[in-house]
Amino acid sequence: MSRINGFVGRRDFLKFASMVGIAATGFGDTFWNSEQTAIADIHPVNPNPISPNEAVRRLLDGNQRFIHQKRQYPDRSLERLRLVAKAQYPFAAILGCADSRVPAEIVFDQGLGDLFVVRVAGNVVSDTVIGSLEYSTTVLGSQLIVVLGHKRCGAVAEAIKNEPLPGRIGLIIEGIKPSIERVKLITGDNMQNAVIANIQYQTEKLQENSTILAKLLREGRLKIVSACYDIDTGKVNIIT
């Protein structure tokens with residue numbers, strides 16, 4: 001594979017991933033798992049590597065600026081635009097809900113090229129989501145993934161109702177339902193309990209279903225944290 005600025009070329013990476021997918025169909029899980037491990041051995045060269053803990057600090061500092069109306073609107077200049085057009089080095093990846101009230105770059109007060117954001121209703125983990133986050137960590141060098149859910153999530157509410165839904169909406173809800181089972185016997189705010197349970201469930205699923213991410217975690221080259229956004233106050237709370 002060719003490298004660009006120390007990275008595996010994006011076109012080569014996607015081409016290789018496609019070839020692996022075809023081969024996996026013919027040769028089974030053993031081949032696929034071995035190739036996942038091989039990809040995880042790639043060490044992207046980031047000119048300004050950001051540690052996971054520093055990345056968390058930057059995000060929470062930015063969120064505080066957002067809450068207190070002291071936004072700095074960093075990395076949004078024309079110079080920044082031209083710089084990241086050449087190469088991107090996002091210091092964190094965010095798996096967030098597609099809810100229009102939770103735009104990651106705004107609530108964390110970040111700019112162009114700072115965050116690699118994957119958004120889907122209910123912040124549900126799927127193969128496509130996993131692949132995107134594997135790309136952000138293995139190729140782009142992000143060392144932090146934040147699974148960001150939010151208060152009063154509509155997708156979680158639908159999962160609690162457990163009623164038939166039109167089209168393919170139900171596919172998303174099915175991805176949330178296992179987390180609802182965890183809180184059926186827990187007292188307190190049922191909706192908020194379910195939101196937190198879903199964030200934690202999706203975080204676990206992300207770690208358990210990716211050989212690449214699991215390897216990076218073991219080697220200390222990646223940290224995955226759960227967080228919940230309060231749509232009333234704008235605050236992001238880390239879930240421990």
# chains A, B, ... in the order shown; residues from 1 in each chain; ligands from 1
call {"tool": "select_by_dssp", "arguments": {"residues": "segment 41-154 of chain A", "states": "strand (DSSP E or B)", "output": "ChimeraX atom specification"}}
result
/A:92-96,115-119,144-150
call {"tool": "write_last_selection", "arguments": {"atoms": "all heavy atoms", "output": "short mmCIF file (atom, residue, chain, number, x, y, z; two decimals), in the first residue's frame"}}
result
data_model
loop_
_atom_site.label_atom_id
_atom_site.label_comp_id
_atom_site.auth_asym_id
_atom_site.auth_seq_id
_atom_site.Cartn_x
_atom_site.Cartn_y
_atom_site.Cartn_z
N ALA A 92 -9.78 13.39 17.78
CA ALA A 92 -10.76 12.51 18.40
C ALA A 92 -11.82 12.12 17.39
O ALA A 92 -12.07 12.84 16.41
CB ALA A 92 -11.42 13.20 19.60
N ALA A 93 -12.42 10.96 17.62
CA ALA A 93 -13.55 10.50 16.80
C ALA A 93 -14.78 10.47 17.70
O ALA A 93 -14.69 10.10 18.87
CB ALA A 93 -13.27 9.12 16.22
N ILE A 94 -15.91 10.86 17.15
CA ILE A 94 -17.16 10.90 17.90
C ILE A 94 -18.19 10.02 17.21
O ILE A 94 -18.46 10.19 16.02
CB ILE A 94 -17.74 12.33 17.98
CG1 ILE A 94 -16.67 13.35 18.41
CG2 ILE A 94 -18.95 12.36 18.91
CD1 ILE A 94 -16.20 13.21 19.82
N LEU A 95 -18.76 9.07 17.96
CA LEU A 95 -19.94 8.35 17.48
C LEU A 95 -21.11 8.98 18.20
O LEU A 95 -21.31 8.77 19.40
CB LEU A 95 -19.85 6.85 17.80
CG LEU A 95 -21.17 6.07 17.60
CD1 LEU A 95 -21.72 6.24 16.19
CD2 LEU A 95 -20.98 4.61 17.95
N GLY A 96 -21.90 9.77 17.47
CA GLY A 96 -22.99 10.49 18.10
C GLY A 96 -24.33 10.19 17.46
O GLY A 96 -24.42 9.58 16.39
N LEU A 115 -12.30 16.93 14.54
CA LEU A 115 -13.06 15.76 14.94
C LEU A 115 -13.47 14.92 13.74
O LEU A 115 -13.85 15.46 12.70
CB LEU A 115 -14.33 16.17 15.70
CG LEU A 115 -14.14 17.06 16.94
CD1 LEU A 115 -15.50 17.41 17.54
CD2 LEU A 115 -13.24 16.38 17.97
N PHE A 116 -13.42 13.61 13.90
CA PHE A 116 -13.94 12.68 12.91
C PHE A 116 -15.28 12.21 13.46
O PHE A 116 -15.33 11.46 14.43
CB PHE A 116 -12.97 11.50 12.73
CG PHE A 116 -13.35 10.56 11.62
CD1 PHE A 116 -12.82 10.73 10.35
CD2 PHE A 116 -14.22 9.50 11.84
CE1 PHE A 116 -13.16 9.86 9.31
CE2 PHE A 116 -14.56 8.63 10.82
CZ PHE A 116 -14.03 8.81 9.55
N VAL A 117 -16.37 12.65 12.85
CA VAL A 117 -17.70 12.45 13.43
C VAL A 117 -18.53 11.47 12.62
O VAL A 117 -18.70 11.63 11.41
CB VAL A 117 -18.45 13.79 13.55
CG1 VAL A 117 -19.81 13.57 14.21
CG2 VAL A 117 -17.62 14.80 14.35
N VAL A 118 -19.03 10.45 13.32
CA VAL A 118 -19.96 9.49 12.74
C VAL A 118 -21.28 9.65 13.49
O VAL A 118 -21.32 9.51 14.71
CB VAL A 118 -19.46 8.04 12.89
CG1 VAL A 118 -20.44 7.06 12.27
CG2 VAL A 118 -18.08 7.89 12.26
N ARG A 119 -22.36 9.95 12.75
CA ARG A 119 -23.65 10.17 13.42
C ARG A 119 -24.73 9.27 12.83
O ARG A 119 -24.86 9.16 11.62
CB ARG A 119 -24.07 11.64 13.29
CG ARG A 119 -23.12 12.60 13.98
CD ARG A 119 -23.55 14.05 13.82
NE ARG A 119 -24.80 14.32 14.52
CZ ARG A 119 -25.43 15.51 14.47
NH1 ARG A 119 -24.92 16.49 13.73
NH2 ARG A 119 -26.54 15.70 15.14
N LEU A 144 -8.72 8.65 20.44
CA LEU A 144 -9.87 8.71 21.34
C LEU A 144 -11.16 8.55 20.53
O LEU A 144 -11.32 9.17 19.48
CB LEU A 144 -9.92 10.05 22.09
CG LEU A 144 -11.18 10.28 22.94
CD1 LEU A 144 -11.19 9.36 24.16
CD2 LEU A 144 -11.30 11.74 23.36
N ILE A 145 -12.05 7.70 21.02
CA ILE A 145 -13.40 7.59 20.48
C ILE A 145 -14.37 7.91 21.60
O ILE A 145 -14.28 7.33 22.69
CB ILE A 145 -13.71 6.18 19.93
CG1 ILE A 145 -12.81 5.85 18.73
CG2 ILE A 145 -15.18 6.08 19.52
CD1 ILE A 145 -12.98 4.43 18.22
N VAL A 146 -15.30 8.81 21.36
CA VAL A 146 -16.35 9.14 22.33
C VAL A 146 -17.68 8.66 21.78
O VAL A 146 -18.08 9.05 20.67
CB VAL A 146 -16.42 10.65 22.61
CG1 VAL A 146 -17.55 10.95 23.59
CG2 VAL A 146 -15.09 11.17 23.14
N VAL A 147 -18.35 7.79 22.52
CA VAL A 147 -19.71 7.38 22.17
C VAL A 147 -20.64 8.35 22.88
O VAL A 147 -20.78 8.33 24.10
CB VAL A 147 -19.99 5.93 22.60
CG1 VAL A 147 -21.42 5.54 22.22
CG2 VAL A 147 -18.99 4.98 21.94
N LEU A 148 -21.27 9.23 22.10
CA LEU A 148 -22.02 10.35 22.66
C LEU A 148 -23.52 10.19 22.43
O LEU A 148 -24.02 10.37 21.32
CB LEU A 148 -21.53 11.66 22.02
CG LEU A 148 -22.20 12.95 22.49
CD1 LEU A 148 -21.88 13.21 23.97
CD2 LEU A 148 -21.74 14.13 21.63
N GLY A 149 -24.23 9.85 23.51
CA GLY A 149 -25.69 9.83 23.46
C GLY A 149 -26.23 11.12 24.05
O GLY A 149 -25.47 12.02 24.40
N HIS A 150 -27.54 11.21 24.18
CA HIS A 150 -28.08 12.46 24.73
C HIS A 150 -29.41 12.24 25.44
O HIS A 150 -30.12 11.26 25.20
CB HIS A 150 -28.27 13.50 23.62
CG HIS A 150 -29.30 13.14 22.61
ND1 HIS A 150 -30.62 13.53 22.71
CD2 HIS A 150 -29.22 12.40 21.47
CE1 HIS A 150 -31.30 13.06 21.67
NE2 HIS A 150 -30.48 12.37 20.91
#
call {"tool": "residues_around", "arguments": {"residues": "His68 of chain A", "least_positions_apart": "2", "cutoff": "12 Å", "atoms": "only C-alpha atoms", "output": "ChimeraX atom specification"}}
result
/A:61-66,70-72,107-109,233-235
call {"tool": "closest_residue", "arguments": {"among": "A:Leu78, A:Gln88, A:Thr138, A:Ala194", "to": "Lys161 of chain A", "atoms": "only C-alpha atoms"}}
result
A:Ala194
call {"tool": "closest_residue", "arguments": {"among": "A:Asn209, A:Ala121, A:Lys215, A:Gly141", "to": "Gly170 of chain A", "atoms": "only C-alpha atoms"}}
result
A:Ala121
call {"tool": "closest_residue", "arguments": {"among": "A:Glu174, A:Glu181, A:Asp114, A:Glu208", "to": "Arg80 of chain A", "atoms": "only C-alpha atoms"}}
result
A:Asp114
call {"tool": "residues_around", "arguments": {"residues": "Ile239 of chain A", "least_positions_apart": "5", "cutoff": "12 Å", "atoms": "only C-alpha atoms", "output": "short mmCIF file (atom, residue, chain, number, x, y, z; two decimals) with all heavy atoms, in the first residue's frame"}}
result
data_model
loop_
_atom_site.label_atom_id
_atom_site.label_comp_id
_atom_site.auth_asym_id
_atom_site.auth_seq_id
_atom_site.Cartn_x
_atom_site.Cartn_y
_atom_site.Cartn_z
N VAL A 146 -15.30 8.81 21.36
CA VAL A 146 -16.35 9.14 22.33
C VAL A 146 -17.68 8.66 21.78
O VAL A 146 -18.08 9.05 20.67
CB VAL A 146 -16.42 10.65 22.61
CG1 VAL A 146 -17.55 10.95 23.59
CG2 VAL A 146 -15.09 11.17 23.14
N VAL A 147 -18.35 7.79 22.52
CA VAL A 147 -19.71 7.38 22.17
C VAL A 147 -20.64 8.35 22.88
O VAL A 147 -20.78 8.33 24.10
CB VAL A 147 -19.99 5.93 22.60
CG1 VAL A 147 -21.42 5.54 22.22
CG2 VAL A 147 -18.99 4.98 21.94
N LEU A 148 -21.27 9.23 22.10
CA LEU A 148 -22.02 10.35 22.66
C LEU A 148 -23.52 10.19 22.43
O LEU A 148 -24.02 10.37 21.32
CB LEU A 148 -21.53 11.66 22.02
CG LEU A 148 -22.20 12.95 22.49
CD1 LEU A 148 -21.88 13.21 23.97
CD2 LEU A 148 -21.74 14.13 21.63
N GLY A 149 -24.23 9.85 23.51
CA GLY A 149 -25.69 9.83 23.46
C GLY A 149 -26.23 11.12 24.05
O GLY A 149 -25.47 12.02 24.40
N HIS A 150 -27.54 11.21 24.18
CA HIS A 150 -28.08 12.46 24.73
C HIS A 150 -29.41 12.24 25.44
O HIS A 150 -30.12 11.26 25.20
CB HIS A 150 -28.27 13.50 23.62
CG HIS A 150 -29.30 13.14 22.61
ND1 HIS A 150 -30.62 13.53 22.71
CD2 HIS A 150 -29.22 12.40 21.47
CE1 HIS A 150 -31.30 13.06 21.67
NE2 HIS A 150 -30.48 12.37 20.91
N VAL A 195 -31.37 5.69 28.31
CA VAL A 195 -30.41 6.45 27.52
C VAL A 195 -28.99 6.08 27.92
O VAL A 195 -28.13 5.79 27.06
CB VAL A 195 -30.63 7.98 27.68
CG1 VAL A 195 -29.41 8.76 27.16
CG2 VAL A 195 -31.89 8.42 26.94
N ILE A 196 -28.72 6.07 29.23
CA ILE A 196 -27.38 5.73 29.72
C ILE A 196 -27.04 4.28 29.38
O ILE A 196 -25.93 3.98 28.94
CB ILE A 196 -27.29 5.93 31.25
CG1 ILE A 196 -27.53 7.40 31.61
CG2 ILE A 196 -25.93 5.48 31.77
CD1 ILE A 196 -26.57 8.38 30.98
N ALA A 197 -28.01 3.39 29.56
CA ALA A 197 -27.78 1.98 29.26
C ALA A 197 -27.45 1.78 27.79
O ALA A 197 -26.59 0.96 27.44
CB ALA A 197 -29.01 1.15 29.65
N ASN A 198 -28.12 2.52 26.92
CA ASN A 198 -27.85 2.39 25.49
C ASN A 198 -26.46 2.89 25.13
O ASN A 198 -25.75 2.27 24.33
CB ASN A 198 -28.89 3.17 24.67
CG ASN A 198 -28.67 3.05 23.19
OD1 ASN A 198 -28.58 1.95 22.64
ND2 ASN A 198 -28.53 4.19 22.51
N ILE A 199 -26.05 3.99 25.72
CA ILE A 199 -24.70 4.51 25.47
C ILE A 199 -23.67 3.47 25.88
O ILE A 199 -22.71 3.18 25.15
CB ILE A 199 -24.47 5.83 26.24
CG1 ILE A 199 -25.42 6.92 25.73
CG2 ILE A 199 -23.01 6.29 26.09
CD1 ILE A 199 -25.44 8.16 26.59
N GLN A 200 -23.85 2.89 27.06
CA GLN A 200 -22.91 1.90 27.56
C GLN A 200 -22.92 0.64 26.70
O GLN A 200 -21.87 0.05 26.42
CB GLN A 200 -23.24 1.56 29.01
CG GLN A 200 -23.01 2.74 29.96
CD GLN A 200 -23.50 2.45 31.37
OE1 GLN A 200 -24.51 1.76 31.56
NE2 GLN A 200 -22.81 2.99 32.36
N TYR A 201 -24.12 0.24 26.28
CA TYR A 201 -24.24 -0.96 25.44
C TYR A 201 -23.54 -0.77 24.11
O TYR A 201 -22.81 -1.65 23.64
CB TYR A 201 -25.72 -1.27 25.22
CG TYR A 201 -25.97 -2.37 24.21
CD1 TYR A 201 -25.68 -3.70 24.52
CD2 TYR A 201 -26.48 -2.08 22.95
CE1 TYR A 201 -25.91 -4.71 23.59
CE2 TYR A 201 -26.70 -3.08 22.02
CZ TYR A 201 -26.41 -4.39 22.34
OH TYR A 201 -26.63 -5.39 21.42
N THR A 203 -21.12 1.28 23.46
CA THR A 203 -19.68 1.33 23.72
C THR A 203 -19.09 -0.07 23.82
O THR A 203 -18.04 -0.37 23.24
CB THR A 203 -19.40 2.11 25.03
OG1 THR A 203 -19.94 3.43 24.92
CG2 THR A 203 -17.90 2.19 25.30
N ILE A 224 -11.66 4.49 24.56
CA ILE A 224 -13.06 4.68 24.18
C ILE A 224 -13.83 5.06 25.43
O ILE A 224 -13.79 4.35 26.44
CB ILE A 224 -13.67 3.40 23.56
CG1 ILE A 224 -12.87 2.97 22.33
CG2 ILE A 224 -15.13 3.64 23.18
CD1 ILE A 224 -13.38 1.69 21.68
N VAL A 225 -14.52 6.19 25.39
CA VAL A 225 -15.28 6.65 26.55
C VAL A 225 -16.74 6.86 26.17
O VAL A 225 -17.07 7.13 25.01
CB VAL A 225 -14.70 7.95 27.14
CG1 VAL A 225 -13.25 7.77 27.54
CG2 VAL A 225 -14.83 9.10 26.14
N SER A 226 -17.61 6.73 27.16
CA SER A 226 -19.03 6.98 26.99
C SER A 226 -19.37 8.35 27.54
O SER A 226 -18.81 8.77 28.57
CB SER A 226 -19.85 5.92 27.73
OG SER A 226 -19.48 4.61 27.33
N ALA A 227 -20.29 9.04 26.89
CA ALA A 227 -20.66 10.38 27.35
C ALA A 227 -22.12 10.66 27.01
O ALA A 227 -22.67 10.10 26.06
CB ALA A 227 -19.76 11.44 26.73
N CYS A 228 -22.74 11.53 27.80
CA CYS A 228 -24.14 11.88 27.58
C CYS A 228 -24.28 13.40 27.53
O CYS A 228 -23.77 14.12 28.40
CB CYS A 228 -25.02 11.31 28.70
SG CYS A 228 -26.80 11.55 28.42
N TYR A 229 -24.98 13.87 26.52
CA TYR A 229 -25.21 15.31 26.32
C TYR A 229 -26.57 15.70 26.87
O TYR A 229 -27.58 15.04 26.57
CB TYR A 229 -25.12 15.63 24.82
CG TYR A 229 -25.42 17.07 24.46
CD1 TYR A 229 -24.51 18.07 24.72
CD2 TYR A 229 -26.63 17.40 23.85
CE1 TYR A 229 -24.78 19.39 24.37
CE2 TYR A 229 -26.91 18.72 23.50
CZ TYR A 229 -25.97 19.71 23.77
OH TYR A 229 -26.25 21.01 23.42
#
call {"tool": "closest_residue", "arguments": {"among": "A:Ile238, A:Ile173, A:Ile67, A:Leu59", "to": "Gln110 of chain A", "atoms": "only C-alpha atoms"}}
result
A:Leu59
